[in-house]
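Containing mmCIF, C-alpha atoms and all ligand atoms: protein17.cif.
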data_coords
#
loop_
_atom_site.label_atom_id
_atom_site.label_comp_id
_atom_site.auth_asym_id
_atom_site.auth_seq_id
_atom_site.Cartn_x
_atom_site.Cartn_y
_atom_site.Cartn_z
CA MET A 1 5.31 23.64 -11.52
CA HIS A 2 5.79 20.83 -9.09
CA ILE A 3 2.30 19.55 -8.25
CA GLY A 4 1.55 17.24 -5.32
CA VAL A 5 -1.60 15.15 -5.71
CA ASP A 6 -3.45 13.15 -3.09
CA LEU A 7 -5.23 9.93 -4.05
CA ASP A 8 -8.19 9.17 -1.78
CA ASN A 9 -11.20 11.40 -2.48
CA THR A 10 -9.05 13.57 -4.76
CA ILE A 11 -8.07 11.34 -7.70
CA LEU A 12 -10.46 8.55 -6.82
CA ASP A 13 -13.76 7.97 -5.04
CA ALA A 14 -12.55 6.50 -1.74
CA THR A 15 -15.85 7.09 0.04
CA SER A 16 -17.85 4.53 -2.00
CA ALA A 17 -15.17 1.84 -1.72
CA HIS A 18 -14.75 2.36 2.03
CA LEU A 19 -18.51 2.33 2.66
CA HIS A 20 -18.90 -0.90 0.71
CA TYR A 21 -16.35 -2.79 2.82
CA TYR A 22 -17.08 -1.03 6.11
CA ASN A 23 -20.78 -1.85 5.68
CA LYS A 24 -19.79 -5.45 5.06
CA ALA A 25 -17.67 -5.52 8.23
CA SER A 26 -20.28 -3.80 10.41
CA GLY A 27 -23.62 -4.95 9.02
CA LEU A 28 -24.65 -1.30 8.68
CA SER A 29 -25.69 0.25 5.38
CA LEU A 30 -24.32 3.79 5.30
CA THR A 31 -24.44 5.74 2.04
CA PRO A 32 -22.35 8.69 0.73
CA ASP A 33 -25.10 11.03 2.04
CA ASP A 34 -24.20 9.98 5.58
CA VAL A 35 -20.57 11.07 5.20
CA ASN A 36 -19.79 14.30 7.05
CA ASP A 37 -16.45 13.32 8.59
CA PHE A 38 -13.01 13.01 6.93
CA TYR A 39 -12.44 10.01 9.24
CA LEU A 40 -15.08 7.67 7.87
CA TYR A 41 -14.56 4.99 10.50
CA ARG A 42 -15.96 7.34 13.15
CA LEU A 43 -19.38 7.10 11.47
CA TYR A 44 -19.33 3.42 12.45
CA GLY A 45 -18.55 4.18 16.07
CA TRP A 46 -15.25 2.31 15.87
CA ALA A 47 -12.23 3.10 17.99
CA GLU A 48 -8.94 3.54 16.14
CA ALA A 49 -7.71 0.02 16.97
CA GLU A 50 -10.92 -1.51 15.62
CA ARG A 51 -10.64 0.57 12.49
CA ASP A 52 -7.00 -0.50 12.01
CA ALA A 53 -7.94 -4.19 12.18
CA ILE A 54 -10.74 -3.75 9.63
CA TYR A 55 -8.63 -1.53 7.36
CA ASN A 56 -5.77 -4.04 7.42
CA LYS A 57 -8.19 -6.79 6.42
CA TYR A 58 -10.07 -4.94 3.67
CA GLY A 59 -7.62 -2.19 2.68
CA HIS A 60 -6.23 -4.01 -0.35
CA ASP A 61 -9.73 -4.60 -1.77
CA ILE A 62 -10.86 -1.08 -0.88
CA HIS A 63 -7.95 0.47 -2.77
CA TRP A 64 -8.06 -1.93 -5.72
CA ASN A 65 -11.82 -1.43 -6.23
CA SER A 66 -11.89 2.37 -6.09
CA SER A 67 -12.93 4.27 -9.22
CA PRO A 68 -11.24 7.40 -10.55
CA LEU A 69 -13.28 10.60 -10.16
CA PRO A 70 -14.69 12.04 -13.41
CA MET A 71 -11.99 13.50 -15.71
CA ALA A 72 -9.23 12.91 -13.13
CA VAL A 73 -7.27 10.56 -15.40
CA GLU A 74 -7.61 12.76 -18.49
CA ILE A 75 -6.61 15.98 -16.71
CA LEU A 76 -3.69 14.30 -14.93
CA GLN A 77 -2.45 13.03 -18.30
CA GLN A 78 -2.52 16.62 -19.59
CA LEU A 79 -0.81 18.02 -16.49
CA PHE A 80 1.90 15.33 -16.63
CA LYS A 81 3.09 16.70 -19.99
CA GLN A 82 3.74 20.17 -18.57
CA HIS A 83 4.45 19.71 -14.89
CA GLN A 84 6.20 17.53 -12.36
CA ILE A 85 3.60 15.30 -10.70
CA SER A 86 4.16 13.78 -7.26
CA ILE A 87 1.51 11.49 -5.79
CA ILE A 88 1.45 12.15 -2.04
CA THR A 89 -0.79 9.86 -0.05
CA ALA A 90 -1.19 9.09 3.65
CA ARG A 91 -1.88 5.42 2.89
CA PRO A 92 0.36 3.09 4.92
CA LEU A 93 3.35 1.39 3.26
CA LEU A 94 1.45 -1.90 3.51
CA PHE A 95 -0.66 -0.72 0.56
CA ARG A 96 2.18 0.63 -1.59
CA ASP A 97 2.05 -2.21 -4.15
CA VAL A 98 -1.72 -2.16 -4.69
CA THR A 99 -1.54 1.62 -5.02
CA ILE A 100 1.13 1.45 -7.73
CA GLU A 101 -0.73 -1.32 -9.58
CA TRP A 102 -3.97 0.68 -9.44
CA LEU A 103 -2.24 3.75 -10.90
CA LYS A 104 -0.80 1.59 -13.69
CA LEU A 105 -4.22 0.01 -14.41
CA HIS A 106 -5.82 3.44 -14.76
CA LYS A 107 -2.92 4.81 -16.85
CA ILE A 108 -2.10 7.58 -14.41
CA ASN A 109 1.44 8.86 -15.03
CA TYR A 110 3.49 10.52 -12.32
CA HIS A 111 7.12 11.30 -11.55
CA ASN A 112 7.23 10.36 -7.86
CA ILE A 113 5.07 8.69 -5.26
CA THR A 114 5.40 9.14 -1.51
CA LEU A 115 3.37 7.45 1.22
CA THR A 116 3.45 9.71 4.26
CA GLU A 117 1.14 11.28 6.78
CA ASN A 118 3.42 14.30 7.05
CA LYS A 119 2.49 15.88 3.74
CA LEU A 120 3.68 19.36 4.69
CA GLN A 121 7.20 18.16 5.44
CA GLU A 122 7.26 16.14 2.22
CA CYS A 123 6.09 19.16 0.19
CA MET A 124 8.72 21.39 1.83
CA ILE A 125 11.57 18.93 1.20
CA SER A 126 10.63 18.18 -2.41
CA LYS A 127 9.67 21.81 -3.16
CA VAL A 128 6.08 21.15 -4.17
CA ASP A 129 4.42 24.38 -5.40
CA VAL A 130 0.84 23.30 -4.75
CA LEU A 131 -0.90 20.30 -3.19
CA ILE A 132 -4.25 19.03 -4.50
CA ASP A 133 -6.03 17.33 -1.58
CA ASP A 134 -9.38 16.88 0.16
CA GLY A 135 -8.14 16.80 3.77
CA PRO A 136 -9.34 19.83 5.77
CA HIS A 137 -6.44 19.47 8.24
CA TYR A 138 -3.86 19.60 5.42
CA ALA A 139 -5.45 22.74 3.96
CA GLU A 140 -5.29 24.43 7.37
CA GLU A 141 -1.73 23.29 8.07
CA PHE A 142 -0.47 24.50 4.67
CA ALA A 143 -2.27 27.84 4.98
CA LEU A 144 -0.39 28.55 8.21
CA VAL A 145 2.89 28.54 6.27
CA ASN A 146 1.44 30.32 3.20
CA LYS A 147 1.53 27.28 0.95
CA PRO A 148 -1.35 26.94 -1.51
CA VAL A 149 -3.66 23.94 -1.55
CA ILE A 150 -6.30 23.17 -4.14
CA LEU A 151 -8.97 21.71 -1.90
CA TYR A 152 -11.15 19.19 -3.69
CA ASP A 153 -14.72 19.69 -2.44
CA GLN A 154 -15.96 16.98 -0.12
CA PRO A 155 -18.81 17.31 2.39
CA TYR A 156 -16.37 17.36 5.33
CA ASN A 157 -14.13 20.19 4.06
CA LEU A 158 -16.64 22.81 2.91
CA SER A 159 -16.16 25.03 5.97
CA VAL A 160 -12.42 25.55 5.33
CA THR A 161 -11.75 29.00 3.90
CA ASN A 162 -8.43 30.79 3.62
CA ASP A 163 -6.50 32.95 1.14
CA PHE A 164 -4.21 30.01 0.39
CA VAL A 165 -7.05 27.54 -0.17
CA TYR A 166 -8.21 27.30 -3.77
CA ARG A 167 -11.45 25.41 -4.30
CA ALA A 168 -12.30 22.86 -6.96
CA SER A 169 -15.48 20.82 -7.15
CA ASN A 170 -14.30 18.74 -10.12
CA TRP A 171 -11.14 18.13 -12.17
CA ILE A 172 -11.97 20.77 -14.80
CA GLU A 173 -11.84 23.29 -11.95
CA VAL A 174 -8.61 21.75 -10.65
CA LYS A 175 -7.03 22.41 -14.03
CA LYS A 176 -8.28 26.02 -14.04
CA GLN A 177 -6.81 26.59 -10.57
CA ILE A 178 -3.45 25.14 -11.70
CA GLU A 179 -3.43 27.53 -14.69
CA TYR A 180 -4.29 30.45 -12.40
CA LEU A 181 -1.53 29.56 -9.91
CA GLU A 182 0.95 29.08 -12.75
CA SER A 183 0.26 32.57 -14.12
CA LYS A 184 0.64 34.00 -10.60
CA LEU A 185 3.94 32.17 -10.11
CA ASN A 186 5.24 33.42 -13.48
CA LEU A 187 4.41 37.01 -12.49
CA ILE A 188 6.31 36.62 -9.21
CA ASN A 189 9.33 35.11 -11.00
CA LYS A 190 9.45 38.00 -13.51
CA LYS A 191 9.65 40.61 -10.75
MG MG B 201 -7.55 12.30 0.54
#
Translate the structure described by the file into C-alpha cells.
Amino acid sequence: MHIGVDLDNTILDATSAHLHYYNKASGLSLTPDDVNDFYLYRLYGWAEAERDAIYNKYGHDIHWNSSPLPMAVEILQQLFKQHQISIITARPLLFRDVTIEWLKLHKINYHNITLTENKLQECMISKVDVLIDDGPHYAEEFALVNKPVILYDQPYNLSVTNDFVYRASNWIEVKKQIEYLESKLNLINKK
C-alpha cells in the first residue's frame, strides 16, 4: 500500500512543543488539558498574523524539540519494510530542513516527503491509499471523496465520524487499521 503520514500530532507530540513556546511568547501557562482546538494559536487569542510572526520566530525550535509519540518510530520502521511511506505535512517550506533533520535524528525512514496544505490533491496525484492524520478537516474532506483516513485521536477530532474514517488512539491501533485496510484492498483486487 501507499501510506501517507502526517507529522504534527500524528507521528510526534506537537501540542507540548507548541504550548512550551507559545506560553513563552504570551506569558500564559496553558497545558495539554486546555487544548480543544486543532488551531492551537486560537487558544491564545491571537489573530493569524500574530500567530505567523510567533510561529516564524519559534517554529524551528518547536519542530526540533518535539518528541515522537509512543511506538510511532518502531511501527513506522515496520511499515516501511512492507509499504511505500510518504510523509505529508502542512508545515511551510521554511521548515523543510529542520523537518528532514528531525526525521533523520529519530531514524524514521520514508520514501517521499511533501510539504503542502492541500493534502487531498497530493494524495490523489501520488495515489496514496490511506492517510494517517489528526486533522478533523482532512478526515471530512477525504470522506467526501470516499478516501480512507486513519484519524489519530486528539481532543479536537473526537466528534468526526464517518464510514471512511478509521480511528486509532495509539500506534499499535494504527498498525491494526493498516492491516485491516490491506486485507480489504486485497479482497477488492481479487474480484
Ligand atoms: Mg497533524
Would you list the residues that come within 12 Å of ligand MG 201 (chain B)? Count only C-alpha atoms and all ligand atoms and give the answer as a ChimeraX atom specification. /A:4-15,38-40,87-91,115-117,119,131-139,150-154,156-157
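Minimum distance to Ile172 of chain A across A:Val160, A:Leu79, A:Ile125, A:Ala72 (counting only C-alpha atoms) occurs at A:Ala72.
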re atom CA of Lys147 of chain A and atom CA of Phe164 of chain A: distance 6.4 Å
Considering only C-alpha atoms, tabulate each residue of segment 99-143 of chain A that lies at most 9 Å from segment 45-65 of chain A along with its nearest interatomic pair and the corresponding distance in Å to one decimal; arrange the rows by chain and ascending residue number and present them as a tab-separated table.
residue	atom	partner	partner_atom	distance
A:Thr99	CA	A:His63	CA	6.9
A:Glu101	CA	A:Trp64	CA	8.3
A:Trp102	CA	A:Trp64	CA	6.1
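Separating atom CA of Gln84 of chain A from atom CA of Tyr110 of chain A is a distance of 7.5 Å.
Minimum distance to Tyr21 of chain A across A:Tyr41, A:Ser67, A:Cys123, A:Ala168 (counting all atoms listed in the file) occurs at A:Tyr41.
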Judged by only C-alpha atoms, the minimum distance to Asn170 of chain A among A:Lys190, A:Ala17, A:Ser26, A:Met71 is found for A:Met71
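Atom CA of Ala143 of chain A is positioned 9.6 Å from atom CA of Thr161 of chain A.
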ask   = Got a sec to check which residues sit within 8 Å of (-3.6, 27.7, 4.7), counting all atoms listed in the file, and write them as a PyMOL selection string?
value = chain A and resi 139-149+162-165
Determine, counting only C-alpha atoms, every residue of protein, DNA or RNA that lies within 10 Å of (-4.6, 5.7, -18.0) in the file coordinates, then give the result as a PDB file with C-alpha atoms, in the coordinates of the input.
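File written: part13.pdb
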ATOM      1  CA  ALA A  72      -9.230  12.910 -13.130  1.00  0.00           C
ATOM      2  CA  VAL A  73      -7.270  10.560 -15.400  1.00  0.00           C
ATOM      3  CA  GLU A  74      -7.610  12.760 -18.490  1.00  0.00           C
ATOM      4  CA  LEU A  76      -3.690  14.300 -14.930  1.00  0.00           C
ATOM      5  CA  GLN A  77      -2.450  13.030 -18.300  1.00  0.00           C
ATOM      6  CA  TRP A 102      -3.970   0.680  -9.440  1.00  0.00           C
ATOM      7  CA  LEU A 103      -2.240   3.750 -10.900  1.00  0.00           C
ATOM      8  CA  LYS A 104      -0.800   1.590 -13.690  1.00  0.00           C
ATOM      9  CA  LEU A 105      -4.220   0.010 -14.410  1.00  0.00           C
ATOM     10  CA  HIS A 106      -5.820   3.440 -14.760  1.00  0.00           C
ATOM     11  CA  LYS A 107      -2.920   4.810 -16.850  1.00  0.00           C
ATOM     12  CA  ILE A 108      -2.100   7.580 -14.410  1.00  0.00           C
ATOM     13  CA  ASN A 109       1.440   8.860 -15.030  1.00  0.00           C
TER      14      ASN A 109
END
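The residue that comes closest to Ile75 of chain A, out of A:Lys175, A:Ser16, A:Leu94, A:Lys184 and on the basis of all atoms listed in the file, is A:Lys175.
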So that all listed atoms of segment 170-175 of chain A fit with 4 Å spare on each side, what axis-aligned box centre and edge lengths in Å, to one decimal, would you give as AutoDock Vina command-line options?
--center_x -10.7 --center_y 20.7 --center_z -12.5 --size_x 15.3 --size_y 13.2 --size_z 12.7
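Considering only C-alpha atoms, the residue among A:Ser86, A:Lys176, A:Val98, A:Lys127 positioned nearest to Thr114 of chain A is A:Ser86.
Compared by their closest atoms to Glu182 of chain A, and using only C-alpha atoms, the residues A:Gln82, A:Ser66, A:Ser29, A:Asn36 rank with A:Gln82 nearest.
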Could you rebuild segment 113-148 of chain A with N, CA and C atoms and give it back as a short mmCIF file (atom, residue, chain, number, x, y, z; two decimals), in the frame of the given file?
data_model
loop_
_atom_site.label_atom_id
_atom_site.label_comp_id
_atom_site.auth_asym_id
_atom_site.auth_seq_id
_atom_site.Cartn_x
_atom_site.Cartn_y
_atom_site.Cartn_z
N ILE A 113 6.16 9.01 -6.19
CA ILE A 113 5.07 8.69 -5.26
C ILE A 113 5.65 8.58 -3.86
N THR A 114 4.96 9.20 -2.90
CA THR A 114 5.40 9.14 -1.51
C THR A 114 4.20 8.77 -0.65
N LEU A 115 4.40 7.80 0.24
CA LEU A 115 3.37 7.45 1.22
C LEU A 115 3.78 8.02 2.56
N THR A 116 3.09 9.06 2.99
CA THR A 116 3.45 9.71 4.26
C THR A 116 2.25 10.44 4.83
N GLU A 117 2.19 10.48 6.14
CA GLU A 117 1.14 11.28 6.78
C GLU A 117 1.58 12.73 6.93
N ASN A 118 2.91 12.93 6.92
CA ASN A 118 3.42 14.30 7.05
C ASN A 118 3.59 14.94 5.67
N LYS A 119 2.46 15.36 5.11
CA LYS A 119 2.49 15.88 3.74
C LYS A 119 3.18 17.23 3.66
N LEU A 120 3.04 18.04 4.72
CA LEU A 120 3.68 19.36 4.69
C LEU A 120 5.19 19.22 4.61
N GLN A 121 5.74 18.37 5.46
CA GLN A 121 7.20 18.16 5.44
C GLN A 121 7.65 17.65 4.08
N GLU A 122 6.92 16.70 3.52
CA GLU A 122 7.26 16.14 2.22
C GLU A 122 7.23 17.24 1.14
N CYS A 123 6.22 18.09 1.19
CA CYS A 123 6.09 19.16 0.19
C CYS A 123 7.19 20.21 0.35
N MET A 124 7.63 20.45 1.59
CA MET A 124 8.72 21.39 1.83
C MET A 124 10.02 20.82 1.27
N ILE A 125 10.31 19.57 1.61
CA ILE A 125 11.57 18.93 1.20
C ILE A 125 11.64 18.82 -0.32
N SER A 126 10.55 18.39 -0.95
CA SER A 126 10.63 18.18 -2.41
C SER A 126 10.13 19.40 -3.19
N LYS A 127 10.00 20.53 -2.51
CA LYS A 127 9.67 21.81 -3.16
C LYS A 127 8.42 21.72 -4.05
N VAL A 128 7.36 21.20 -3.47
CA VAL A 128 6.08 21.15 -4.17
C VAL A 128 5.46 22.55 -4.16
N ASP A 129 5.00 23.04 -5.31
CA ASP A 129 4.42 24.38 -5.40
C ASP A 129 2.98 24.41 -4.91
N VAL A 130 2.25 23.34 -5.17
CA VAL A 130 0.84 23.30 -4.75
C VAL A 130 0.43 21.84 -4.52
N LEU A 131 -0.37 21.63 -3.48
CA LEU A 131 -0.90 20.30 -3.19
C LEU A 131 -2.39 20.28 -3.53
N ILE A 132 -2.82 19.24 -4.25
CA ILE A 132 -4.25 19.03 -4.50
C ILE A 132 -4.70 17.95 -3.52
N ASP A 133 -5.65 18.26 -2.65
CA ASP A 133 -6.03 17.33 -1.58
C ASP A 133 -7.47 17.62 -1.14
N ASP A 134 -8.03 16.68 -0.39
CA ASP A 134 -9.38 16.88 0.16
C ASP A 134 -9.36 17.03 1.68
N GLY A 135 -8.21 16.83 2.30
CA GLY A 135 -8.14 16.80 3.77
C GLY A 135 -8.20 18.20 4.38
N PRO A 136 -9.22 18.49 5.19
CA PRO A 136 -9.34 19.83 5.77
C PRO A 136 -8.14 20.18 6.65
N HIS A 137 -7.59 19.19 7.36
CA HIS A 137 -6.44 19.47 8.24
C HIS A 137 -5.19 19.82 7.44
N TYR A 138 -5.01 19.23 6.25
CA TYR A 138 -3.86 19.60 5.42
C TYR A 138 -4.01 21.04 4.92
N ALA A 139 -5.22 21.38 4.48
CA ALA A 139 -5.45 22.74 3.96
C ALA A 139 -5.13 23.77 5.05
N GLU A 140 -5.53 23.49 6.27
CA GLU A 140 -5.29 24.43 7.37
C GLU A 140 -3.80 24.51 7.73
N GLU A 141 -3.17 23.36 7.75
CA GLU A 141 -1.73 23.29 8.07
C GLU A 141 -0.89 24.03 7.01
N PHE A 142 -1.23 23.85 5.74
CA PHE A 142 -0.47 24.50 4.67
C PHE A 142 -0.70 26.01 4.69
N ALA A 143 -1.94 26.42 4.97
CA ALA A 143 -2.27 27.84 4.98
C ALA A 143 -1.45 28.58 6.03
N LEU A 144 -1.17 27.92 7.13
CA LEU A 144 -0.39 28.55 8.21
C LEU A 144 1.02 28.93 7.76
N VAL A 145 1.55 28.21 6.77
CA VAL A 145 2.89 28.54 6.27
C VAL A 145 2.82 29.10 4.84
N ASN A 146 1.64 29.66 4.50
CA ASN A 146 1.44 30.32 3.20
C ASN A 146 1.70 29.43 1.99
N LYS A 147 1.39 28.17 2.11
CA LYS A 147 1.53 27.28 0.95
C LYS A 147 0.15 26.97 0.38
N PRO A 148 -0.02 27.14 -0.93
CA PRO A 148 -1.35 26.94 -1.51
C PRO A 148 -1.76 25.47 -1.59
#
